[in-house]
Amino acid sequence: MHRKVLLCVTALLFTTIAFSQQIRIIDKKTQEGIEYVFVYDLHQQNTAISNRLGYIKTSDFQRDDTLIFQHPSYAKKTIALANIRNHRVELEGSVVNLDQVTVAASKWEQNLSEVPNKIETINAGEIDLANPQTSADLLRSTGKVYVQKSQQGGGSPMIRGFASNSVLLVIDGVRMNNLIYRGGNLQNVITIDPNIIANSEVIFGPGSMIYGSDALGGVMDFHTKNPAFTGDPGAVHGNIKMRNSSANNEVMGHVDFNYEGKNWASLTSFTYSKFDDLEMGSHDMESYRRTEYVERRNGRDVMVDNPNPDVQKYSGYDQLNILQKIRYEPSDNYNFDYSLYYSTSSDIPRYDRLIQRDDNDRLKYAEWYYGPQLFMMNSLRGEISGVSSLFDQAKITLAHQQVEESRHDRKFRDDFLRHRVEKVNTYNAYLDFEKQFNAQTTLFYGLESVVNTLNSTADKENINTGETFPVATRYPDGDNLYQTYAAYGLAKWNVSSKITLQGGARYNVVDVHSTFNNTSFYNLPFDELNLNTGALSGNLGAVYRAGRNWEFHLNTSSGFRAPNVDDMAKVFDSEPGEVIVPNDNLEPEYAYSSDFTVKKYLDGNGVIEATAFYTYLDNAMVRSDFALNGRDSINYDGEMSDVTALVNTGYAHLYGGSFYLKSRIYGNFSVSGQMTVTEGEDNNGNAIRHAAPTFATAALMYDTERFTGEFYLRYNARISHNNLAPSERSKLHMYALNDAGNPYSPEWYTLNFKASYKISESLKINAGVENILDVRYRPYSSGIAAPGRNFKLALQGNF
């Protein structure tokens with residue numbers, strides 16, 4: 001009898017011990033597991049990170065340890081291991097978290113309160129509630145990044161007066177900018193699937209010290225979800241999402257699933273989206289309506305009346321995104337990741353060109369569309385952790401990107417359709433290290449290599465006979481090579497518990513080479529272009545934490561943008577009657593910037609934040625009058641056009657600031673508001689094209705265990721004709737006209753609502769109404785009007 005009791009007690013004891021070696025971290029409100037919670041003891045000798053279901057193993061901790069639980073979206077919690085009941089730890093979501101973590105600042109995790117840079121983080125909860133159609137819409141939903149759209153299938157972010165090839169796109173640590181990113185508006189951000197983004201970060205101001213060329217205005221760093229380890233080999237988990245939106249009859253379907261092996265895991269994701277022609281609002285701005293469009297009838301182009309002028313005819317498209325990730329973790333100190341990213345689309349009509357009119361008030365183009373936009377990237381990353389004399393953590397990233405984009409245009413009643421196709425290959429290699437010398441001092445350093453190649457082809461097709469004829473390519477039709485090599489180092493010094501200093505430098509070598517096989521189209525006086533240059537950039541900053549509730553961030557930094565093939569070698573019409581020609585006598589342009597941020601935390605119930613910045617852009621590449629073979633104009637695409645080229649003669653001043661407030665006001669109610677102001681002028685006193693108008697948001701939120709709702713306002717200030725950049729004043733088809741017949745960008749605002757309701761542990765519904773008042777408006781510099789009243793409904797399930 002005693003023996004049986006002893007055996008039972010022993011079995012029970014072992015069961016308890018085995019079970020107690022694992023605890024689950026859950027959201028106090030939803031009771032769901034929380035992934036990526038960082039857990040450590042008071043001495044930071046032992047650490048753990050929660051898996052997809054919120055579990056951590058406690059075998060590395062001592063029974064008498066006190067554990068600290070930290071996550072960007074939750075209040076930090078400290079509790080003795082012995083006091084944890086039922087093997088569960090509940091974390092409470094806070095209005096604002098004082099211990100937010102950033103990766104963008106150094107490529108390694110840092111506490112945001114130790115980083116001088118102005119950085120905006122977008123977490124999974126915010127992405128879910130925003131329910132964006134594209135990643136461009138995701139950036140816009142922050143209220144801190146302005147987004148321009150030339151067509152529905154696009155979105156060009158503007159940050160502190162910079163855009164396009166002067167801001168940098170990064171996905172999972174790999175830069176997307178390549179040798180044909182242009183100074184005009186870019187749409188490449190839509191190739192990133194918002195349904196598989198875990199979180200995103202935006203650096204405001206130059207980020208060249210870490211990321212290299214193009215990071216003048218800022219860096220947008222997107223982090224996709226990773227394969228998860230749940231401690232249950234053979235388990236399959238996943239998510240399904242479907243959404244419909246009324247303004248463009250959007251139909252979206254998404255599925256992702258995670259499979260776990262013994263020491264490896266796989267994540268697979270598919271998203272398909274279809275967007276019909278976009279319908280604008282029904283009030284105000286009659287001139288934005290699409291009254292006519294072109295159809296081909298009986299072999300002839302005719303202009304026909306639009307039965308519903310609020311429908312922006314020929315603006316729809318569809319898109320497919322696929323992601324495959326495999327993670328292999330042979331030990332605690334090594335892990336390897338392979339990732340495949342694939343995105344393609346249907347033809348995407350360039351709407352702003354389709355509404356452009358000629359001198360006879362006829363629609364200028366019968367067709368103008370981008371061909372399927374292909375993006376495919378394979379990347380392999382290895383990480384090593386463990387103390388050595390050179391590093392505590394190291395990672396190597398190798399990536400290959402394939403990008404194909406094409407432009408197809410045909411003028412009204414012209415039988416020839418022009419095709420221009422660009423195929424880019426990019427090879428990226430990064431070697432990054434982190435070394436902590438002591439509790440106060442950490443060094444981040446690394447090496448980088450980026451090589452781009454381009455193949456540019458073009459022809460014109462007789463749409464009646466199918467015959468094709470050669471035409472001039474957009475870029476040189478021979479070899480095109482862009483390569484850059486760099487080394488950087490960044491040091492962080494926690495002088496005390498209140499003061500952190502950070503500074504570093506980077507040097508880049510840039511080489512650009514292009515050849516022309518056929519120079520007869522424009523009788524170019526050369527058949528080869530070469531550029532060899534270097535660029536030095538750096539930053540120095542400080543953070544002062546005055547107690548728990550005040551932070552002061554001061555940062556000075558420099559950024560650069562090296563000329564690429566698009567700057568140096570392309571021939572194209574930037575606007576009617578003007579053509580840009582090659583010029584290889586270019587040098588990098590530099591931005592020197594300072595910003596100062598003050599944060600006041602409201603005892604865990606909110607935050608007030610204000611930022612001011614100033615940027616001086618030197619040696620700017622600006623379009624200027626030029627001569628080709630001694631001539632100041634040439635015949636381009638059947639039209640006499642003034643000859644221009646990019647030259648390093650410009651400089652500009654940009655300045656402004658932002659204000660942000662978020663606070664819990666009563667019970668489950670909270671409010672938020674933010675406003676961004678950007679001003680600037682170039683050396684001629686003209687406004688800067690990519691300086692967005694003043695824009696702001698204000699919101700009232702209600703949050704319970706199952707329901708989250710937000711009523712919010714979006715506001716956009718007016719830009720008068722005198723304050724429009726000269727390059728914008730000729731685009732009469734895009735802007736409203738004042739009483740004198742001159743273009744300007746009107747003021748507008750919208751009222752909106754979005755909500756999320758958790759039906760069960762595995763089912764959630766998201767709904768919302770955008771532009772409740774059905775206002776007809778067009779964001780600054782955009783060629784397409786924004787959606788009118790738009791009902792959105794999404795259903796999400798997990799298994």
# chains A, B, ... in the order shown; residues from 1 in each chain; ligands from 1
>>> closest_atom_pairs(of="stretch 210-245 of chain A", to="stretch 768-771 of chain A", cutoff="12 Å", atoms="only C-alpha atoms", output="Markdown table")
| residue | atom | partner | partner_atom | distance |
| --- | --- | --- | --- | --- |
| A:Arg243 | CA | A:Gly768 | CA | 11.3 |
| A:Asn244 | CA | A:Gly768 | CA | 10.8 |
| A:Ser245 | CA | A:Val769 | CA | 9.3 |
>>> write_last_selection(atoms="N, CA and C atoms", output="PDB file, in the first residue's frame")
ATOM      1  N   ARG A 243     -12.139  39.471 -47.761  1.00  0.00           N
ATOM      2  CA  ARG A 243     -12.574  40.870 -47.594  1.00  0.00           C
ATOM      3  C   ARG A 243     -13.258  41.347 -48.866  1.00  0.00           C
ATOM      4  N   ASN A 244     -14.231  42.228 -48.664  1.00  0.00           N
ATOM      5  CA  ASN A 244     -14.903  42.893 -49.777  1.00  0.00           C
ATOM      6  C   ASN A 244     -15.015  44.372 -49.448  1.00  0.00           C
ATOM      7  N   SER A 245     -14.764  45.217 -50.465  1.00  0.00           N
ATOM      8  CA  SER A 245     -14.899  46.662 -50.313  1.00  0.00           C
ATOM      9  C   SER A 245     -15.786  47.179 -51.430  1.00  0.00           C
TER      10      SER A 245
END
>>> residues_around(residues="stretch 716-723 of chain A", least_positions_apart="6", cutoff="7 Å", atoms="only C-alpha atoms", output="MDAnalysis selection string")
chainID A and resid 687 693:696 742:749
>>> write_last_selection(atoms="C-alpha atoms", output="CSV table (one decimal), in the first residue's frame")
chain,number,residue,atom,x,y,z
A,687,ALA,CA,8.2,74.9,-53.5
A,693,PRO,CA,0.5,69.5,-47.6
A,694,THR,CA,-0.2,69.7,-43.9
A,695,PHE,CA,-2.1,66.6,-43.0
A,696,ALA,CA,-3.7,65.3,-39.7
A,742,ASN,CA,-4.7,78.1,-62.4
A,743,PRO,CA,-4.2,74.7,-60.8
A,744,TYR,CA,-4.2,74.2,-57.0
A,745,SER,CA,-4.7,71.4,-54.5
A,746,PRO,CA,-7.9,71.9,-52.5
A,747,GLU,CA,-8.4,71.3,-48.8
A,748,TRP,CA,-10.5,68.2,-47.8
A,749,TYR,CA,-11.4,66.1,-44.9
>>> select_by_dssp(residues="stretch 167-416 of chain A", states="strand (DSSP E)", output="VMD selection string")
chain A and resid 168 to 171 174 to 175 197 to 204 218 to 224 236 to 245 250 to 260 264 to 275 278 to 279 292 to 297 300 to 305 311 to 312 317 to 331 334 to 345 348 to 349 365 to 370 374 to 385 393 to 411 416
>>> write_last_selection(atoms="C-alpha atoms", output="compact mmCIF listing (two decimals), in the first residue's frame")
# COMPACT_ATOMS: atom_id res chain seq x y z
CA LEU A 168 14.16 53.52 -49.11
CA LEU A 169 12.01 50.39 -49.13
CA VAL A 170 13.29 47.42 -47.11
CA ILE A 171 11.69 43.99 -46.70
CA VAL A 174 16.87 43.54 -47.88
CA ARG A 175 16.68 46.84 -49.77
CA ILE A 197 3.26 41.67 -42.48
CA ALA A 198 4.04 41.06 -38.80
CA ASN A 199 5.06 44.67 -38.14
CA SER A 200 6.65 47.61 -39.87
CA GLU A 201 8.87 50.53 -38.93
CA VAL A 202 9.41 53.93 -40.52
CA ILE A 203 12.59 55.91 -39.88
CA PHE A 204 12.02 59.63 -40.39
CA GLY A 218 13.49 58.02 -44.49
CA VAL A 219 13.35 54.23 -44.50
CA MET A 220 10.26 51.99 -44.59
CA ASP A 221 11.22 48.63 -43.09
CA PHE A 222 8.64 45.84 -43.48
CA HIS A 223 8.94 42.62 -41.45
CA THR A 224 6.92 39.65 -42.69
CA VAL A 236 -0.37 22.69 -38.56
CA HIS A 237 -1.75 26.14 -37.77
CA GLY A 238 -3.08 28.76 -40.13
CA ASN A 239 -5.22 31.77 -40.93
CA ILE A 240 -7.91 32.47 -43.51
CA LYS A 241 -9.14 35.93 -44.44
CA MET A 242 -11.69 37.23 -46.93
CA ARG A 243 -12.57 40.87 -47.59
CA ASN A 244 -14.90 42.89 -49.78
CA SER A 245 -14.90 46.66 -50.31
CA GLU A 250 -12.61 44.51 -54.04
CA VAL A 251 -12.58 40.75 -53.57
CA MET A 252 -9.64 39.49 -51.53
CA GLY A 253 -8.81 36.02 -50.30
CA HIS A 254 -5.85 35.11 -48.11
CA VAL A 255 -4.62 31.89 -46.51
CA ASP A 256 -1.43 31.10 -44.64
CA PHE A 257 -0.43 27.97 -42.76
CA ASN A 258 2.45 26.99 -40.52
CA TYR A 259 3.87 23.46 -40.31
CA GLU A 260 6.33 22.48 -37.60
CA TRP A 264 12.41 23.23 -38.55
CA ALA A 265 9.20 25.04 -39.49
CA SER A 266 7.55 26.25 -42.65
CA LEU A 267 5.22 29.18 -43.39
CA THR A 268 3.26 29.37 -46.66
CA SER A 269 1.05 32.30 -47.66
CA PHE A 270 -1.22 33.06 -50.64
CA THR A 271 -3.18 36.27 -51.29
CA TYR A 272 -5.28 37.12 -54.33
CA SER A 273 -6.93 40.51 -54.75
CA LYS A 274 -9.18 41.79 -57.51
CA PHE A 275 -10.10 45.47 -57.80
CA LEU A 278 -12.67 52.78 -58.48
CA GLU A 279 -15.67 54.97 -57.72
CA GLU A 292 -15.45 60.50 -71.21
CA TYR A 293 -13.22 57.61 -72.06
CA VAL A 294 -11.83 55.99 -75.21
CA GLU A 295 -13.13 52.79 -76.82
CA ARG A 296 -12.01 50.98 -79.95
CA ARG A 297 -15.01 50.47 -82.26
CA ARG A 300 -11.27 53.20 -84.83
CA ASP A 301 -10.79 55.05 -81.53
CA VAL A 302 -13.85 56.97 -80.36
CA MET A 303 -14.56 59.02 -77.26
CA VAL A 304 -17.71 57.89 -75.48
CA ASP A 305 -19.67 59.36 -72.60
CA VAL A 311 -16.58 55.65 -61.81
CA GLN A 312 -12.96 56.03 -62.87
CA TYR A 317 -6.50 45.48 -61.78
CA ASP A 318 -5.77 42.28 -59.86
CA GLN A 319 -2.76 40.96 -57.94
CA LEU A 320 -1.31 37.71 -56.61
CA ASN A 321 1.18 37.42 -53.73
CA ILE A 322 2.93 34.26 -52.55
CA LEU A 323 5.34 33.87 -49.64
CA GLN A 324 7.22 30.75 -48.61
CA LYS A 325 9.54 30.65 -45.60
CA ILE A 326 11.48 27.78 -44.05
CA ARG A 327 13.35 28.12 -40.77
CA TYR A 328 15.89 25.59 -39.53
CA GLU A 329 17.17 25.76 -35.92
CA PRO A 330 19.78 23.04 -35.33
CA SER A 331 20.66 24.54 -31.92
CA TYR A 334 22.23 28.84 -34.88
CA ASN A 335 19.24 29.41 -37.13
CA PHE A 336 18.81 29.58 -40.88
CA ASP A 337 15.98 31.08 -42.94
CA TYR A 338 15.10 30.63 -46.59
CA SER A 339 12.44 32.94 -48.02
CA LEU A 340 10.69 33.18 -51.39
CA TYR A 341 8.65 36.27 -52.19
CA TYR A 342 6.56 36.41 -55.35
CA SER A 343 4.20 39.11 -56.55
CA THR A 344 2.58 39.65 -59.93
CA SER A 345 -0.36 41.61 -61.26
CA ILE A 348 -2.35 48.22 -64.38
CA PRO A 349 -3.81 51.24 -66.24
CA TYR A 365 -4.09 58.53 -74.97
CA ALA A 366 -6.24 55.64 -76.10
CA GLU A 367 -4.13 53.25 -74.03
CA TRP A 368 -1.55 53.73 -71.29
CA TYR A 369 -0.88 50.89 -68.88
CA TYR A 370 1.86 49.15 -66.95
CA LEU A 374 6.65 41.10 -61.38
CA PHE A 375 8.69 40.93 -58.19
CA MET A 376 10.42 37.76 -57.07
CA MET A 377 13.06 37.45 -54.38
CA ASN A 378 14.93 34.48 -52.96
CA SER A 379 16.85 35.12 -49.76
CA LEU A 380 18.93 33.03 -47.40
CA ARG A 381 19.85 34.24 -43.94
CA GLY A 382 21.95 32.65 -41.23
CA GLU A 383 22.24 33.90 -37.63
CA ILE A 384 24.82 32.99 -35.03
CA SER A 385 24.65 33.94 -31.37
CA GLN A 393 25.47 38.01 -32.66
CA ALA A 394 26.13 37.82 -36.37
CA LYS A 395 23.96 37.35 -39.42
CA ILE A 396 24.66 36.94 -43.10
CA THR A 397 21.96 37.64 -45.68
CA LEU A 398 22.16 36.71 -49.36
CA ALA A 399 19.35 37.66 -51.74
CA HIS A 400 18.50 37.68 -55.43
CA GLN A 401 15.68 39.85 -56.76
CA GLN A 402 14.04 39.74 -60.15
CA VAL A 403 11.93 42.72 -61.17
CA GLU A 404 10.10 43.14 -64.44
CA GLU A 405 8.12 46.22 -65.29
CA SER A 406 6.82 47.47 -68.61
CA ARG A 407 5.07 50.50 -70.07
CA HIS A 408 2.61 50.36 -72.95
CA ASP A 409 1.11 53.48 -74.54
CA ARG A 410 -0.80 54.45 -77.66
CA LYS A 411 -2.10 57.89 -78.49
CA PHE A 416 0.94 51.96 -83.08
>>> residues_around(residues="A:Phe526", least_positions_apart="6", cutoff="9 Å", atoms="only C-alpha atoms", output="list in words")
Thr515, Phe516 and Thr519 of chain A
>>> residues_around(residues="A:Met701", least_positions_apart="2", cutoff="8 Å", atoms="only C-alpha atoms", output="PyMOL selection string")
chain A and resi 669-671+699+703+708-711
>>> write_last_selection(atoms="all heavy atoms", output="CSV table (one decimal), in the first residue's frame")
chain,number,residue,atom,x,y,z
A,669,PHE,N,-12.5,54.2,-23.2
A,669,PHE,CA,-12.4,55.2,-24.2
A,669,PHE,C,-11.0,55.8,-24.2
A,669,PHE,O,-10.5,56.1,-23.2
A,669,PHE,CB,-13.5,56.3,-24.0
A,669,PHE,CG,-14.9,55.9,-24.4
A,669,PHE,CD1,-15.7,55.4,-23.4
A,669,PHE,CD2,-15.3,55.9,-25.7
A,669,PHE,CE1,-17.0,55.0,-23.7
A,669,PHE,CE2,-16.6,55.5,-26.0
A,669,PHE,CZ,-17.5,55.1,-25.0
A,670,SER,N,-10.5,56.1,-25.4
A,670,SER,CA,-9.3,56.8,-25.6
A,670,SER,C,-9.3,57.7,-26.8
A,670,SER,O,-10.2,57.5,-27.7
A,670,SER,CB,-8.1,55.8,-25.7
A,670,SER,OG,-8.2,54.9,-26.8
A,671,VAL,N,-8.5,58.7,-26.9
A,671,VAL,CA,-8.4,59.6,-28.0
A,671,VAL,C,-7.0,59.6,-28.6
A,671,VAL,O,-6.0,59.3,-27.8
A,671,VAL,CB,-8.9,61.0,-27.6
A,671,VAL,CG1,-10.3,61.0,-27.3
A,671,VAL,CG2,-8.0,61.6,-26.5
A,699,ALA,N,-8.9,60.8,-33.7
A,699,ALA,CA,-9.7,59.6,-33.5
A,699,ALA,C,-10.2,59.4,-32.1
A,699,ALA,O,-9.6,59.9,-31.1
A,699,ALA,CB,-8.9,58.3,-33.8
A,703,ASP,N,-12.5,50.3,-26.7
A,703,ASP,CA,-11.8,49.0,-26.7
A,703,ASP,C,-12.3,48.1,-25.5
A,703,ASP,O,-12.2,48.5,-24.4
A,703,ASP,CB,-10.3,49.2,-26.6
A,703,ASP,CG,-9.5,48.0,-26.9
A,703,ASP,OD1,-10.1,47.0,-27.4
A,703,ASP,OD2,-8.3,47.9,-26.6
A,708,THR,N,-13.3,46.3,-30.7
A,708,THR,CA,-12.5,47.5,-30.8
A,708,THR,C,-13.2,48.4,-31.9
A,708,THR,O,-13.4,47.9,-33.0
A,708,THR,CB,-11.1,47.2,-31.2
A,708,THR,OG1,-10.5,46.4,-30.2
A,708,THR,CG2,-10.3,48.5,-31.3
A,709,GLY,N,-13.4,49.6,-31.6
A,709,GLY,CA,-14.0,50.5,-32.6
A,709,GLY,C,-13.3,51.8,-32.6
A,709,GLY,O,-12.8,52.3,-31.6
A,710,GLU,N,-13.3,52.5,-33.8
A,710,GLU,CA,-12.6,53.8,-33.9
A,710,GLU,C,-13.3,54.6,-34.9
A,710,GLU,O,-13.5,54.3,-36.0
A,710,GLU,CB,-11.1,53.5,-34.3
A,710,GLU,CG,-10.3,54.8,-34.5
A,710,GLU,CD,-8.8,54.6,-34.8
A,710,GLU,OE1,-8.2,53.6,-34.2
A,710,GLU,OE2,-8.3,55.3,-35.6
A,711,PHE,N,-13.7,55.8,-34.4
A,711,PHE,CA,-14.2,56.8,-35.3
A,711,PHE,C,-13.2,57.9,-35.5
A,711,PHE,O,-12.6,58.4,-34.5
A,711,PHE,CB,-15.5,57.5,-34.7
A,711,PHE,CG,-16.1,58.5,-35.5
A,711,PHE,CD1,-16.9,58.2,-36.6
A,711,PHE,CD2,-15.9,59.9,-35.2
A,711,PHE,CE1,-17.5,59.2,-37.4
A,711,PHE,CE2,-16.5,60.9,-35.9
A,711,PHE,CZ,-17.3,60.6,-37.0
>>> closest_atom_pairs(of="stretch 134-207 of chain A", to="stretch 605-625 of chain A", cutoff="12 Å", atoms="only C-alpha atoms", output="tab-separated table")
residue	atom	partner	partner_atom	distance
A:Lys144	CA	A:Thr611	CA	11.9
A:Ile159	CA	A:Phe613	CA	11.9
A:Arg160	CA	A:Thr615	CA	8.6
A:Gly161	CA	A:Thr615	CA	9.3
A:Phe162	CA	A:Leu617	CA	10.3
A:Asn165	CA	A:Met621	CA	11.7
A:Ser166	CA	A:Met621	CA	11.0
A:Arg182	CA	A:Met621	CA	11.9
A:Gly183	CA	A:Met621	CA	9.6
A:Gly184	CA	A:Arg623	CA	11.6
A:Phe204	CA	A:Phe613	CA	9.6
A:Gly205	CA	A:Thr615	CA	8.3
A:Pro206	CA	A:Thr615	CA	9.2
>>> write_last_selection(atoms="all heavy atoms", output="short mmCIF file (atom, residue, chain, number, x, y, z; two decimals), in the first residue's frame")
data_model
loop_
_atom_site.label_atom_id
_atom_site.label_comp_id
_atom_site.auth_asym_id
_atom_site.auth_seq_id
_atom_site.Cartn_x
_atom_site.Cartn_y
_atom_site.Cartn_z
N LYS A 144 0.99 59.31 -40.49
CA LYS A 144 2.29 59.98 -40.40
C LYS A 144 3.08 59.93 -41.69
O LYS A 144 4.14 60.55 -41.80
CB LYS A 144 3.10 59.36 -39.26
CG LYS A 144 2.43 59.53 -37.90
CD LYS A 144 3.24 58.94 -36.78
CE LYS A 144 2.53 59.13 -35.44
NZ LYS A 144 3.30 58.56 -34.30
N ILE A 159 7.99 61.37 -47.42
CA ILE A 159 8.48 61.54 -46.06
C ILE A 159 9.39 62.75 -45.99
O ILE A 159 10.42 62.80 -46.67
CB ILE A 159 9.24 60.29 -45.57
CG1 ILE A 159 8.36 59.03 -45.68
CG2 ILE A 159 9.72 60.47 -44.13
CD1 ILE A 159 9.09 57.75 -45.32
N ARG A 160 9.00 63.73 -45.23
CA ARG A 160 9.80 64.93 -44.99
C ARG A 160 10.28 65.61 -46.27
O ARG A 160 11.42 66.08 -46.37
CB ARG A 160 10.99 64.61 -44.08
CG ARG A 160 10.58 64.28 -42.66
CD ARG A 160 11.77 64.22 -41.72
NE ARG A 160 11.32 64.02 -40.34
CZ ARG A 160 12.14 63.92 -39.28
NH1 ARG A 160 13.45 64.01 -39.47
NH2 ARG A 160 11.66 63.75 -38.07
N GLY A 161 9.42 65.65 -47.28
CA GLY A 161 9.76 66.34 -48.51
C GLY A 161 10.50 65.49 -49.52
O GLY A 161 10.93 66.00 -50.56
N PHE A 162 10.65 64.21 -49.24
CA PHE A 162 11.33 63.29 -50.16
C PHE A 162 10.37 62.16 -50.53
O PHE A 162 9.47 61.81 -49.77
CB PHE A 162 12.58 62.70 -49.51
CG PHE A 162 13.65 63.71 -49.22
CD1 PHE A 162 13.72 64.34 -47.98
CD2 PHE A 162 14.60 64.04 -50.18
CE1 PHE A 162 14.71 65.26 -47.70
CE2 PHE A 162 15.60 64.96 -49.91
CZ PHE A 162 15.65 65.58 -48.67
N ASN A 165 12.87 57.67 -55.37
CA ASN A 165 14.21 57.13 -55.15
C ASN A 165 14.99 57.85 -54.07
O ASN A 165 16.19 57.62 -53.90
CB ASN A 165 15.01 57.10 -56.45
CG ASN A 165 15.15 58.49 -57.09
OD1 ASN A 165 14.84 59.50 -56.48
ND2 ASN A 165 15.61 58.51 -58.34
N SER A 166 14.31 58.72 -53.30
CA SER A 166 14.95 59.40 -52.18
C SER A 166 14.44 58.92 -50.83
O SER A 166 14.77 59.49 -49.80
CB SER A 166 14.73 60.92 -52.29
OG SER A 166 15.39 61.43 -53.43
N ARG A 182 13.06 55.81 -59.97
CA ARG A 182 13.11 57.13 -60.59
C ARG A 182 12.75 58.23 -59.60
O ARG A 182 12.29 57.98 -58.49
CB ARG A 182 12.16 57.17 -61.78
CG ARG A 182 10.70 56.90 -61.45
CD ARG A 182 9.87 56.75 -62.72
NE ARG A 182 8.45 56.56 -62.41
CZ ARG A 182 7.89 55.39 -62.16
NH1 ARG A 182 8.63 54.30 -62.17
NH2 ARG A 182 6.59 55.30 -61.89
N GLY A 183 12.94 59.47 -60.07
CA GLY A 183 12.59 60.63 -59.26
C GLY A 183 11.11 60.92 -59.26
O GLY A 183 10.59 61.56 -58.34
N GLY A 184 10.40 60.46 -60.31
CA GLY A 184 8.94 60.58 -60.33
C GLY A 184 8.33 59.61 -59.34
O GLY A 184 9.02 58.84 -58.68
N PHE A 204 12.19 58.30 -39.82
CA PHE A 204 12.02 59.63 -40.39
C PHE A 204 13.37 60.34 -40.38
O PHE A 204 14.03 60.45 -39.36
CB PHE A 204 10.99 60.43 -39.59
CG PHE A 204 9.59 59.89 -39.69
CD1 PHE A 204 9.16 58.85 -38.88
CD2 PHE A 204 8.71 60.40 -40.63
CE1 PHE A 204 7.88 58.34 -38.98
CE2 PHE A 204 7.42 59.90 -40.75
CZ PHE A 204 7.00 58.87 -39.92
N GLY A 205 13.77 60.82 -41.55
CA GLY A 205 15.07 61.45 -41.68
C GLY A 205 16.08 60.49 -42.29
O GLY A 205 15.79 59.31 -42.50
N PRO A 206 17.28 60.98 -42.62
CA PRO A 206 18.28 60.16 -43.30
C PRO A 206 18.59 58.86 -42.57
O PRO A 206 18.79 58.84 -41.36
CB PRO A 206 19.51 61.08 -43.35
CG PRO A 206 18.95 62.45 -43.33
CD PRO A 206 17.74 62.37 -42.43
#
>>> residues_around(residues="stretch 106-120 of chain A", least_positions_apart="3", cutoff="9 Å", atoms="only C-alpha atoms", output="PyMOL selection string")
chain A and resi 98-103+142+144+173+200-205+210+432-434+444-445+490+492+494+499-502+540-545+551-556+595-597+611
>>> closest_residue(among="A:Thr644, A:Ser782, A:Gln70, A:Thr457", to="A:Thr47", atoms="only C-alpha atoms")
A:Gln70
>>> decode(residues="stretch 411-430 of chain A", atoms="C-alpha atoms", output="tab-separated table (two decimals), in the first residue's frame")
chain	number	residue	atom	x	y	z
A	411	LYS	CA	-2.10	57.89	-78.49
A	412	PHE	CA	-5.68	58.54	-79.58
A	413	ARG	CA	-6.28	57.33	-83.15
A	414	ASP	CA	-2.70	56.14	-83.49
A	415	ASP	CA	-2.34	52.61	-84.85
A	416	PHE	CA	0.94	51.96	-83.08
A	417	LEU	CA	1.17	50.67	-79.53
A	418	ARG	CA	4.60	51.22	-77.97
A	419	HIS	CA	6.02	48.57	-75.62
A	420	ARG	CA	8.98	49.25	-73.31
A	421	VAL	CA	10.16	46.43	-71.04
A	422	GLU	CA	12.72	46.57	-68.21
A	423	LYS	CA	14.18	43.47	-66.57
A	424	VAL	CA	16.28	43.98	-63.44
A	425	ASN	CA	18.37	41.50	-61.49
A	426	THR	CA	19.66	42.50	-58.06
A	427	TYR	CA	22.18	40.60	-55.95
A	428	ASN	CA	22.40	41.61	-52.27
A	429	ALA	CA	24.90	40.47	-49.64
A	430	TYR	CA	24.93	41.73	-46.04
